[in-house]
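Trainee: First the structure, which I've put down as structure tokens, then a few questions once you've had a look.
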Amino acid sequence: MTVRDDGRSGPLDGLRVVDLSTVFAAPYVGAILRDMGAEVIKVEAPNRLDQTRGDGFGPYLDNQPGDDGWNWSGTFLSLNRGKKSLVLDLKQEQGRAVLRQLIDRCDVLLENFTPRVMRGWRMTWSDLVASNPGLIMLSNTGYGGSGPYSSFKAQGTVLEATMGIVHFCGYDGDEPRKVGQSYPDFLAAWTGLHLIASALVQRRANGSGRWIDLGMYQLGSLVIPEGLIEAQAGRSSSPRRGNDEIDTLLSAVIPCAGVDEWIAVSVVDDLDWARLASLVPDFPKLPPGQERDPSVREQALAALAAWAAGIEGAALAEDLQNHGIAASKIATMRDILTDRHLRARGFWEAVEVRPGDRRPVIGRAYTWRGRSMPIVRGRGPLFGEQNDEILADLGLTPAERDSLRAQQVVVDAPVRIDAPRPADVEVLLAAGVYRQVDPEYRRVLTSLTGADHGEGDRPAPRHATD
Amino acid sequence: MTQPADTPAQALAGLSVIELSEGIAASYAGRLLADAGADVIKVETPTGDPVRSENPFFVDDDGNRSSALFEYLNWSKFGAVVDPRDDSAILTTATANADVLILGDRAELVRQWHLDLDELTERCPDLVVVAVTPFGLSGPRSGWRGTDLTLQAASGVMSIGGTSDREPLKRGLRASWYEAGMTAAYVAILGHFASLEGRGGSLIDVSVAECLSAELVTTQPAYSFVGGVPGRRRRLQDPLASGQPLPAQDGYVSLQVNSLTPMRAFSELLGQPLLGGERFATHEGRLAHAEELDQILRASLRDETTRAFFVRASEAGLLTGMVQTPEQLLSCPHLDARSAWVTMPGTLGGRPWRMPAPAGGIVRSRAPRLGQHDAMLDARAAVA
């Protein structure tokens, strides 16, 4: 992994983004726009931290929050990489006046307040275009700016159920189950990016901006079209079928060597079936068309399980893939961080969190070759790190800045925030949130980032009291 | 929905796109570009995209039967047929004259057209090429096959899917491919924007597995900051942090607390003082008393009907959800008010049918018949 500097030209060089958003979806949009070369100014509140700066998200660097843990939260630093931070009290008229100046000079505005907030401040898109006709504004809300649910609060965690996704997730015949982490936020991020991108192209042609009213609720339908079609065709089959895919003859997750190690295998067609039958002892050999028989399925899975037992997952997957069969180990976080393939593709990028201390962050889902290209351009900002730089850039004199600080319109440290507490790792382990804490993580990171973490294999403190 | 005079349906008007694809991801990317006004020619081999034969079929006004999913993934596009074994010269010229080229969904399908993508991007310095394949076109796993299950497995997202007492669990249906299509669409348009700005074209190699891995941006810091390897939660957990649905009278609901909507708010709403107790006030406390919490919540929700509870809790300002079926989504008053659906041609299962509407709301034309617009590809190839 290489650390690339900020000098490289990006596809969106020269654009300025003002980011009022918090938590996952819209901040991630801002992060990618920054990777693409735009300047992104995150505007934060003095007394209400972005939740990702705080306890419960984190985790704090090496689980040691110190006195200013909000500056060292991994989730925040990752989702806000490369941005600048200005802390402004938008509850005060003067704070909103500064914001208006910033918005008048920006190309893209990101926000995820419930709809009444921007209306209350007279900062709807219609208000803002009066002085910035080319403004592209993304409003990322739970339900969108109109409709009967519009004023309802939402976060991805509960929306995922309402959106229709969770109905299709669960073990065979079992209760619905949420899978993964805040999936709706990512659907919103990718959708927001494509709508912003097309608005940018359109603005080049006609100079006019656009309001993007992105209600996350309606994005769920976009990833379950098969379910919508089946339901309307009147053939509602069992919605929850575990790991049995809808378009393969046989697919399953089976245990392999090691503790809690698994491999996923998909048998797409008759050719795959025949390949597997010649590779795996006791795998049923059948004329085409009989594979979906339940007893055949049972025999096939038993044969696979017996064959896989005692063999390491990565080796099994390699073997199956060499025989042309879709398979993969169930990769853990450590697996993907140390994965040769992802490393070869530059998926992980390193950011210098503190001088000399580089940590990996997720880059993007593609390689991009061209004269301009996206890269991660540094860690997320400390709280208010660029207060002076941004205000000076707006033309505010030192005296004016002092005055804003005197009235706490601008602050340099959070106001009335509880002291950050380290995560209780034992509790997270007991709940399964972590399956293990890797005592070698610093060595692994060193090998990934080339940074010297300096403290050998010493694990992070596991308790608040350490 | 408030719209300025220029709608998203015209944002990419005049953009010339060629899509060489079979399956879901690249087709969906091409369709998202067509939704924004781009002129997309989908090029298929003489046998056609296999999705054309995927069940169920709808019946159009002329009595013709075609795949519902194919119609959804390919509306507003033009269609042409090229036999890669015969003559790919037409593609060499037509792609050189296009603004954006999209290829997918498998490496061997990308290669079958005999287009040297490196050479193409060098010869056409403003062209944007986007390929979508399971693991990308470079790297040691570039030749690997991928299905929805095995891609989720490889991506890392399955290591946190399901419960610790059972095997890891995938997300349902074929969501991975749609997510990859969304990613391919945004990079294609950003690439085109850069090209318009005089920054040249680009060759963008999207990996479906990496689209899913990119979701781990919020869980990955657990490892890089404290060495925590995220796992599958216990069956009994803190549903107010995880969003795990809980049974109500006629379905399932989900509840969430955060710093703004604390536990006592649910205690008041459900009229259950036990929930407001100190032991459930924090995530750690709820984990430590998970069994008791589960019993109280299940008992409190047993007589609630999902929609009524969802509306009542949401109106009280609480974070709440309900597990909805496709039928419920299709009849949801909010989605109707938002014009979230578009009426599809003909009938499905004997009745009119709807699918998620495009941004901008306009479907310009039916999905193309195989080779319907061959002449248009010829014309594209003929432009000097």
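Naming works like this for the structure tokens: A, B, ... for the chains as they're shown, residue 1 at the start of each chain, ligands 1 onward in shown order.
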Write out, as a Markdown table, each residue of stretch 186-222 of chain A that has an atom at most 8 Å from stretch 336-356 of chain B, together with the closest pair of atoms and their distance in Å to one decimal, counting only C-alpha atoms, rows going by chain and rising number.
Mentor:
```
| residue | atom | partner | partner_atom | distance |
| --- | --- | --- | --- | --- |
| A:Gln218 | CA | B:Ala340 | CA | 6.8 |
| A:Ser221 | CA | B:Pro356 | CA | 6.5 |
| A:Leu222 | CA | B:Pro356 | CA | 6.7 |
```
Trainee: Write the residues of the selection above to a file with N, CA, C and O atoms, as a CSV table (one decimal), in the first residue's frame.
Mentor:
```
chain,number,residue,atom,x,y,z
A,218,GLN,N,-37.4,5.0,-0.2
A,218,GLN,CA,-37.8,4.4,-1.5
A,218,GLN,C,-36.6,3.8,-2.3
A,218,GLN,O,-36.8,3.2,-3.4
A,221,SER,N,-36.6,-0.6,-2.7
A,221,SER,CA,-37.2,-1.3,-3.8
A,221,SER,C,-36.1,-1.5,-4.9
A,221,SER,O,-36.3,-2.5,-5.7
A,222,LEU,N,-35.1,-0.7,-5.0
A,222,LEU,CA,-34.1,-0.8,-6.1
A,222,LEU,C,-33.3,-2.1,-6.0
A,222,LEU,O,-32.7,-2.5,-7.0
```
Trainee: Do you know which residues are at most 8 Å from B:Leu274 counting only C-alpha atoms, after dropping those on the same chain fewer than 3 positions away, and could you put them as a ChimeraX atom specification?
Mentor: /B:267,277,296
Trainee: Out of stretch 40-169 of chain B, which residues get strand (DSSP E) from DSSP, as number ranges by chain?
Mentor: B: 40-44, 57-59, 65-67, 78-81, 100-104, 128-133
Trainee: Next, the residues of the selection above should be written as a short mmCIF file (atom, residue, chain, number, x, y, z; two decimals), in the first residue's frame with N, CA, C and O atoms.
Mentor:
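Saved as out.cif:
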```cif
data_model
loop_
_atom_site.label_atom_id
_atom_site.label_comp_id
_atom_site.auth_asym_id
_atom_site.auth_seq_id
_atom_site.Cartn_x
_atom_site.Cartn_y
_atom_site.Cartn_z
N VAL B 40 -28.46 5.20 -24.88
CA VAL B 40 -27.72 3.97 -24.58
C VAL B 40 -28.07 2.90 -25.59
O VAL B 40 -29.24 2.56 -25.76
N ILE B 41 -27.04 2.39 -26.28
CA ILE B 41 -27.26 1.23 -27.14
C ILE B 41 -26.73 0.00 -26.42
O ILE B 41 -25.54 -0.09 -26.11
N LYS B 42 -27.63 -0.92 -26.14
CA LYS B 42 -27.22 -2.18 -25.52
C LYS B 42 -26.87 -3.15 -26.64
O LYS B 42 -27.70 -3.43 -27.51
N VAL B 43 -25.65 -3.62 -26.62
CA VAL B 43 -25.20 -4.55 -27.66
C VAL B 43 -25.16 -5.95 -27.07
O VAL B 43 -24.55 -6.18 -26.02
N GLU B 44 -25.84 -6.87 -27.74
CA GLU B 44 -25.88 -8.26 -27.29
C GLU B 44 -25.31 -9.17 -28.37
O GLU B 44 -25.23 -8.80 -29.53
N PHE B 57 -42.69 -13.81 -16.90
CA PHE B 57 -42.88 -13.01 -18.10
C PHE B 57 -44.14 -12.16 -17.98
O PHE B 57 -45.10 -12.57 -17.35
N PHE B 58 -44.11 -11.00 -18.57
CA PHE B 58 -45.33 -10.19 -18.64
C PHE B 58 -45.88 -10.29 -20.06
O PHE B 58 -45.17 -10.72 -20.98
N VAL B 59 -47.13 -9.93 -20.22
CA VAL B 59 -47.77 -9.99 -21.53
C VAL B 59 -48.11 -8.58 -21.96
O VAL B 59 -48.80 -7.86 -21.24
N ARG B 65 -45.01 -12.16 -24.96
CA ARG B 65 -44.50 -12.42 -23.61
C ARG B 65 -43.02 -12.08 -23.53
O ARG B 65 -42.25 -12.48 -24.39
N SER B 66 -42.62 -11.31 -22.53
CA SER B 66 -41.19 -11.08 -22.33
C SER B 66 -40.88 -10.99 -20.84
O SER B 66 -41.77 -10.77 -20.01
N SER B 67 -39.60 -11.14 -20.55
CA SER B 67 -39.15 -11.18 -19.15
C SER B 67 -39.42 -9.83 -18.46
O SER B 67 -39.03 -8.77 -18.96
N PHE B 78 -31.68 1.54 -26.55
CA PHE B 78 -31.75 0.96 -27.89
C PHE B 78 -31.02 -0.38 -27.84
O PHE B 78 -30.21 -0.60 -26.94
N GLY B 79 -31.29 -1.24 -28.83
CA GLY B 79 -30.66 -2.55 -28.81
C GLY B 79 -30.07 -2.92 -30.16
O GLY B 79 -30.66 -2.65 -31.20
N ALA B 80 -28.87 -3.53 -30.12
CA ALA B 80 -28.24 -3.99 -31.36
C ALA B 80 -27.56 -5.33 -31.10
O ALA B 80 -27.25 -5.66 -29.96
N VAL B 81 -27.35 -6.07 -32.17
CA VAL B 81 -26.70 -7.37 -32.06
C VAL B 81 -25.39 -7.35 -32.84
O VAL B 81 -25.34 -6.88 -33.97
N VAL B 100 -19.22 7.08 -23.51
CA VAL B 100 -19.06 6.14 -22.40
C VAL B 100 -19.27 4.72 -22.92
O VAL B 100 -20.20 4.47 -23.69
N LEU B 101 -18.40 3.81 -22.48
CA LEU B 101 -18.56 2.40 -22.81
C LEU B 101 -18.69 1.63 -21.49
O LEU B 101 -17.87 1.80 -20.59
N ILE B 102 -19.75 0.83 -21.38
CA ILE B 102 -19.96 0.03 -20.16
C ILE B 102 -19.91 -1.44 -20.53
O ILE B 102 -20.54 -1.86 -21.51
N LEU B 103 -19.16 -2.22 -19.77
CA LEU B 103 -19.05 -3.65 -20.04
C LEU B 103 -19.32 -4.47 -18.79
O LEU B 103 -19.00 -4.04 -17.68
N GLY B 104 -19.88 -5.67 -18.95
CA GLY B 104 -20.09 -6.54 -17.80
C GLY B 104 -20.91 -7.76 -18.20
O GLY B 104 -21.27 -7.91 -19.36
N VAL B 128 -14.72 7.33 -21.72
CA VAL B 128 -14.78 6.74 -20.37
C VAL B 128 -15.22 5.29 -20.52
O VAL B 128 -16.26 5.01 -21.10
N VAL B 129 -14.38 4.39 -20.03
CA VAL B 129 -14.70 2.96 -20.10
C VAL B 129 -14.92 2.45 -18.68
O VAL B 129 -14.09 2.66 -17.80
N VAL B 130 -16.07 1.81 -18.46
CA VAL B 130 -16.37 1.26 -17.14
C VAL B 130 -16.67 -0.23 -17.31
O VAL B 130 -17.58 -0.60 -18.05
N ALA B 131 -15.87 -1.06 -16.65
CA ALA B 131 -16.13 -2.50 -16.67
C ALA B 131 -16.60 -2.93 -15.27
O ALA B 131 -16.05 -2.47 -14.28
N VAL B 132 -17.62 -3.76 -15.22
CA VAL B 132 -18.11 -4.29 -13.94
C VAL B 132 -18.00 -5.80 -13.97
O VAL B 132 -18.65 -6.46 -14.80
N THR B 133 -17.17 -6.35 -13.11
CA THR B 133 -16.99 -7.81 -13.05
C THR B 133 -16.90 -8.24 -11.59
O THR B 133 -16.67 -7.39 -10.72
#
```
Trainee: Applying 10 Å and only C-alpha atoms, which residues near A:Cys169 remain after dropping the ones on its own chain fewer than 2 positions away? List them as a list of chain:residue names.
Mentor: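 After dropping sequence-adjacent residues, the list is A:Ala161, A:Gly164, A:Ile165, A:Val166, A:His167, A:Tyr171, A:Asp172, A:Asp174, A:Glu175, A:Pro176, A:Arg177, A:Lys178, A:Val179, A:Pro239, A:Arg240, A:Arg241, A:Gly242, A:Asn243, B:Gly161, B:Gly162, B:Leu169, B:Lys170, B:Arg171, B:Gly172, B:Leu173.
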Trainee: Output N, CA, C and O atoms for every residue in that selection, as an mmCIF file, in the first residue's frame.
Mentor:
```cif
data_model
loop_
_atom_site.group_PDB
_atom_site.id
_atom_site.type_symbol
_atom_site.label_atom_id
_atom_site.label_comp_id
_atom_site.auth_asym_id
_atom_site.auth_seq_id
_atom_site.Cartn_x
_atom_site.Cartn_y
_atom_site.Cartn_z
ATOM 1 N N ALA A 161 -35.732 -2.279 7.520
ATOM 2 C CA ALA A 161 -36.925 -3.119 7.624
ATOM 3 C C ALA A 161 -38.057 -2.518 6.794
ATOM 4 O O ALA A 161 -38.663 -3.190 5.957
ATOM 5 N N GLY A 164 -38.220 -2.821 2.902
ATOM 6 C CA GLY A 164 -38.523 -4.074 2.216
ATOM 7 C C GLY A 164 -37.353 -5.030 2.099
ATOM 8 O O GLY A 164 -37.509 -6.158 1.637
ATOM 9 N N ILE A 165 -36.164 -4.590 2.517
ATOM 10 C CA ILE A 165 -34.970 -5.427 2.348
ATOM 11 C C ILE A 165 -34.959 -6.587 3.352
ATOM 12 O O ILE A 165 -34.698 -7.738 2.997
ATOM 13 N N VAL A 166 -35.290 -6.271 4.607
ATOM 14 C CA VAL A 166 -35.156 -7.257 5.689
ATOM 15 C C VAL A 166 -36.120 -8.439 5.501
ATOM 16 O O VAL A 166 -35.828 -9.560 5.915
ATOM 17 N N HIS A 167 -37.239 -8.185 4.834
ATOM 18 C CA HIS A 167 -38.206 -9.255 4.556
ATOM 19 C C HIS A 167 -37.547 -10.437 3.847
ATOM 20 O O HIS A 167 -37.962 -11.589 4.002
ATOM 21 N N TYR A 171 -32.540 -16.758 8.085
ATOM 22 C CA TYR A 171 -32.332 -18.196 7.889
ATOM 23 C C TYR A 171 -33.628 -18.798 7.365
ATOM 24 O O TYR A 171 -34.721 -18.250 7.579
ATOM 25 N N ASP A 172 -33.497 -19.924 6.701
ATOM 26 C CA ASP A 172 -34.626 -20.587 6.054
ATOM 27 C C ASP A 172 -35.813 -20.733 7.010
ATOM 28 O O ASP A 172 -35.721 -21.420 8.017
ATOM 29 N N ASP A 174 -36.996 -18.763 9.135
ATOM 30 C CA ASP A 174 -36.820 -18.105 10.439
ATOM 31 C C ASP A 174 -37.339 -16.653 10.380
ATOM 32 O O ASP A 174 -37.807 -16.181 9.344
ATOM 33 N N GLU A 175 -37.220 -15.960 11.517
ATOM 34 C CA GLU A 175 -37.594 -14.546 11.589
ATOM 35 C C GLU A 175 -36.745 -13.719 10.614
ATOM 36 O O GLU A 175 -35.614 -14.090 10.314
ATOM 37 N N PRO A 176 -37.284 -12.593 10.161
ATOM 38 C CA PRO A 176 -36.444 -11.704 9.335
ATOM 39 C C PRO A 176 -35.263 -11.188 10.160
ATOM 40 O O PRO A 176 -35.381 -11.019 11.370
ATOM 41 N N ARG A 177 -34.173 -10.929 9.489
ATOM 42 C CA ARG A 177 -32.951 -10.579 10.197
ATOM 43 C C ARG A 177 -32.221 -9.492 9.418
ATOM 44 O O ARG A 177 -32.096 -9.583 8.201
ATOM 45 N N LYS A 178 -31.767 -8.498 10.116
ATOM 46 C CA LYS A 178 -30.993 -7.465 9.447
ATOM 47 C C LYS A 178 -29.592 -8.003 9.169
ATOM 48 O O LYS A 178 -28.983 -8.619 10.034
ATOM 49 N N VAL A 179 -29.096 -7.816 7.959
ATOM 50 C CA VAL A 179 -27.781 -8.354 7.594
ATOM 51 C C VAL A 179 -26.853 -7.205 7.223
ATOM 52 O O VAL A 179 -27.211 -6.359 6.414
ATOM 53 N N PRO A 239 -39.934 -15.985 1.335
ATOM 54 C CA PRO A 239 -39.022 -14.854 1.183
ATOM 55 C C PRO A 239 -37.647 -15.106 1.812
ATOM 56 O O PRO A 239 -36.653 -14.588 1.322
ATOM 57 N N ARG A 240 -37.619 -15.892 2.872
ATOM 58 C CA ARG A 240 -36.345 -16.097 3.566
ATOM 59 C C ARG A 240 -35.867 -17.517 3.335
ATOM 60 O O ARG A 240 -36.538 -18.471 3.703
ATOM 61 N N ARG A 241 -34.714 -17.617 2.685
ATOM 62 C CA ARG A 241 -34.203 -18.929 2.300
ATOM 63 C C ARG A 241 -32.736 -19.072 2.662
ATOM 64 O O ARG A 241 -31.993 -19.788 1.997
ATOM 65 N N GLY A 242 -32.300 -18.397 3.712
ATOM 66 C CA GLY A 242 -30.921 -18.545 4.186
ATOM 67 C C GLY A 242 -29.932 -18.175 3.108
ATOM 68 O O GLY A 242 -30.035 -17.106 2.509
ATOM 69 N N ASN A 243 -28.992 -19.092 2.843
ATOM 70 C CA ASN A 243 -27.961 -18.818 1.841
ATOM 71 C C ASN A 243 -28.244 -19.498 0.506
ATOM 72 O O ASN A 243 -27.368 -19.595 -0.344
ATOM 73 N N GLY B 161 -22.924 -11.054 9.135
ATOM 74 C CA GLY B 161 -24.317 -11.387 8.819
ATOM 75 C C GLY B 161 -24.753 -12.662 9.510
ATOM 76 O O GLY B 161 -24.030 -13.658 9.503
ATOM 77 N N GLY B 162 -25.939 -12.652 10.110
ATOM 78 C CA GLY B 162 -26.424 -13.829 10.818
ATOM 79 C C GLY B 162 -26.048 -13.800 12.289
ATOM 80 O O GLY B 162 -25.570 -12.791 12.799
ATOM 81 N N LEU B 169 -24.691 -15.480 7.305
ATOM 82 C CA LEU B 169 -25.922 -15.364 6.509
ATOM 83 C C LEU B 169 -25.771 -14.267 5.463
ATOM 84 O O LEU B 169 -25.306 -13.169 5.767
ATOM 85 N N LYS B 170 -26.214 -14.581 4.243
ATOM 86 C CA LYS B 170 -26.174 -13.576 3.176
ATOM 87 C C LYS B 170 -27.415 -12.691 3.216
ATOM 88 O O LYS B 170 -28.423 -13.036 3.820
ATOM 89 N N ARG B 171 -27.315 -11.575 2.554
ATOM 90 C CA ARG B 171 -28.462 -10.723 2.296
ATOM 91 C C ARG B 171 -29.309 -11.406 1.219
ATOM 92 O O ARG B 171 -28.775 -12.151 0.392
ATOM 93 N N GLY B 172 -30.609 -11.130 1.181
ATOM 94 C CA GLY B 172 -31.474 -11.866 0.271
ATOM 95 C C GLY B 172 -31.359 -11.458 -1.187
ATOM 96 O O GLY B 172 -30.701 -10.485 -1.547
ATOM 97 N N LEU B 173 -32.024 -12.256 -2.037
ATOM 98 C CA LEU B 173 -32.130 -11.993 -3.472
ATOM 99 C C LEU B 173 -30.753 -11.747 -4.102
ATOM 100 O O LEU B 173 -29.806 -12.475 -3.786
#
```
Trainee: Tell me which protein, DNA and RNA residues are within 8 Å of stretch 109-111 of chain A, counting only C-alpha atoms, leaving out same-chain ones fewer than 4 positions away, and put them as a list of chain:residue names.
Mentor: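 The residues satisfying every condition are A:Val17, A:Val18, A:Asp19, A:Leu20, A:Ser21, A:Ala26, A:Gly30, A:Ile103, A:Leu135, A:Ile136, A:Met137, A:Leu138, A:Ser139, A:Asn140.
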Trainee: Any idea what's packed within 8 Å of A:Arg345, counting only C-alpha atoms, ignoring anything in its chain fewer than 2 positions away? Could you give it as a PyMOL selection string?
Mentor: (chain A and resi 341-343+347+367) or (chain B and resi 138-139)
Trainee: Which polymer residues have any atom within 12 Å of an atom of A:Ile375, counting only C-alpha atoms, with same-chain residues fewer than 4 positions away left out, as a short mmCIF file (atom, residue, chain, number, x, y, z; two decimals) with C-alpha atoms, in the first residue's frame?
Mentor:
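The new file selection11.cif reads:
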```cif
data_model
loop_
_atom_site.label_atom_id
_atom_site.label_comp_id
_atom_site.auth_asym_id
_atom_site.auth_seq_id
_atom_site.Cartn_x
_atom_site.Cartn_y
_atom_site.Cartn_z
CA THR A 2 1.27 3.39 -0.89
CA VAL A 3 0.50 6.69 0.74
CA ARG A 4 -0.41 9.06 -2.02
CA ASP A 5 -0.26 12.74 -1.47
CA ASP A 6 -2.84 15.38 -2.22
CA GLY A 7 -1.00 16.61 -5.28
CA ARG A 8 -2.74 14.36 -7.81
CA SER A 9 -5.37 15.89 -10.05
CA GLY A 10 -8.88 14.60 -9.40
CA PRO A 11 -11.95 14.41 -11.62
CA LEU A 12 -13.68 17.08 -9.51
CA ASP A 13 -10.75 19.45 -8.92
CA ALA A 31 -15.82 11.69 1.40
CA ILE A 32 -15.97 10.29 -2.14
CA LEU A 33 -16.40 13.78 -3.64
CA ARG A 34 -13.27 14.73 -1.71
CA ASP A 35 -11.44 11.64 -3.02
CA MET A 36 -12.49 12.89 -6.47
CA GLY A 37 -10.67 16.16 -5.84
CA ALA A 38 -13.39 18.54 -4.60
CA ARG A 81 -11.32 11.75 5.16
CA GLY A 82 -9.74 14.74 3.54
CA GLY A 346 -5.05 -0.72 -4.16
CA PHE A 347 -8.38 -1.07 -2.34
CA TRP A 348 -6.82 -0.05 0.95
CA GLU A 349 -5.28 3.34 1.26
CA ALA A 350 -3.23 4.63 4.17
CA VAL A 351 -3.84 7.87 5.99
CA VAL A 361 -8.92 3.15 5.22
CA ILE A 362 -11.26 1.73 2.60
CA GLY A 363 -10.72 3.50 -0.69
CA ARG A 364 -13.25 2.80 -3.42
CA ALA A 365 -14.72 -0.22 -5.20
CA TYR A 366 -12.80 0.32 -8.45
CA THR A 367 -9.45 1.07 -9.94
CA TRP A 368 -9.45 4.26 -11.97
CA ARG A 369 -6.87 5.03 -14.61
CA ARG A 379 -7.46 11.90 7.50
#
```
Trainee: Skipping near chain neighbours, those fewer than 5 positions away, what residues fall within 12 Å of stretch 195-201 of chain B using only C-alpha atoms, listed as a PyMOL selection string?
Mentor: (chain A and resi 9-15+200-205+368-373) or (chain B and resi 15+96+98-101+118+120-130+187-190)
Trainee: Quote the spacing between atom CA of A:Tyr143 and atom CA of A:Gly215 in Å to one decimal place.
Mentor: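 Distance reported for this atom pair: 4.3 Å.
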Trainee: With only C-alpha atoms as the atoms that count, which of B:Arg298, B:Arg166, B:Lys77, B:Arg174 lies nearest to A:Pro225?
Mentor: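 Among the listed residues, B:Arg174 lies closest to A:Pro225.
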Trainee: Hey, what does DSSP flag as helix (DSSP H, G or I) within stretch 197-434 of chain A? Can you give it to me as JSON, numbers by chain?
Mentor: {"A": [197, 198, 199, 200, 201, 202, 203, 204, 205, 206, 216, 217, 218, 219, 220, 221, 222, 223, 225, 226, 227, 228, 229, 230, 231, 232, 270, 271, 272, 273, 274, 275, 276, 277, 278, 279, 294, 295, 296, 297, 298, 299, 300, 301, 302, 303, 304, 305, 306, 307, 308, 313, 314, 315, 316, 317, 318, 319, 320, 321, 322, 333, 334, 335, 336, 337, 340, 341, 342, 343, 344, 387, 388, 389, 390, 391, 392, 393, 398, 399, 400, 401, 402, 403, 404, 405, 406, 425, 426, 427, 428, 429, 430, 431]}
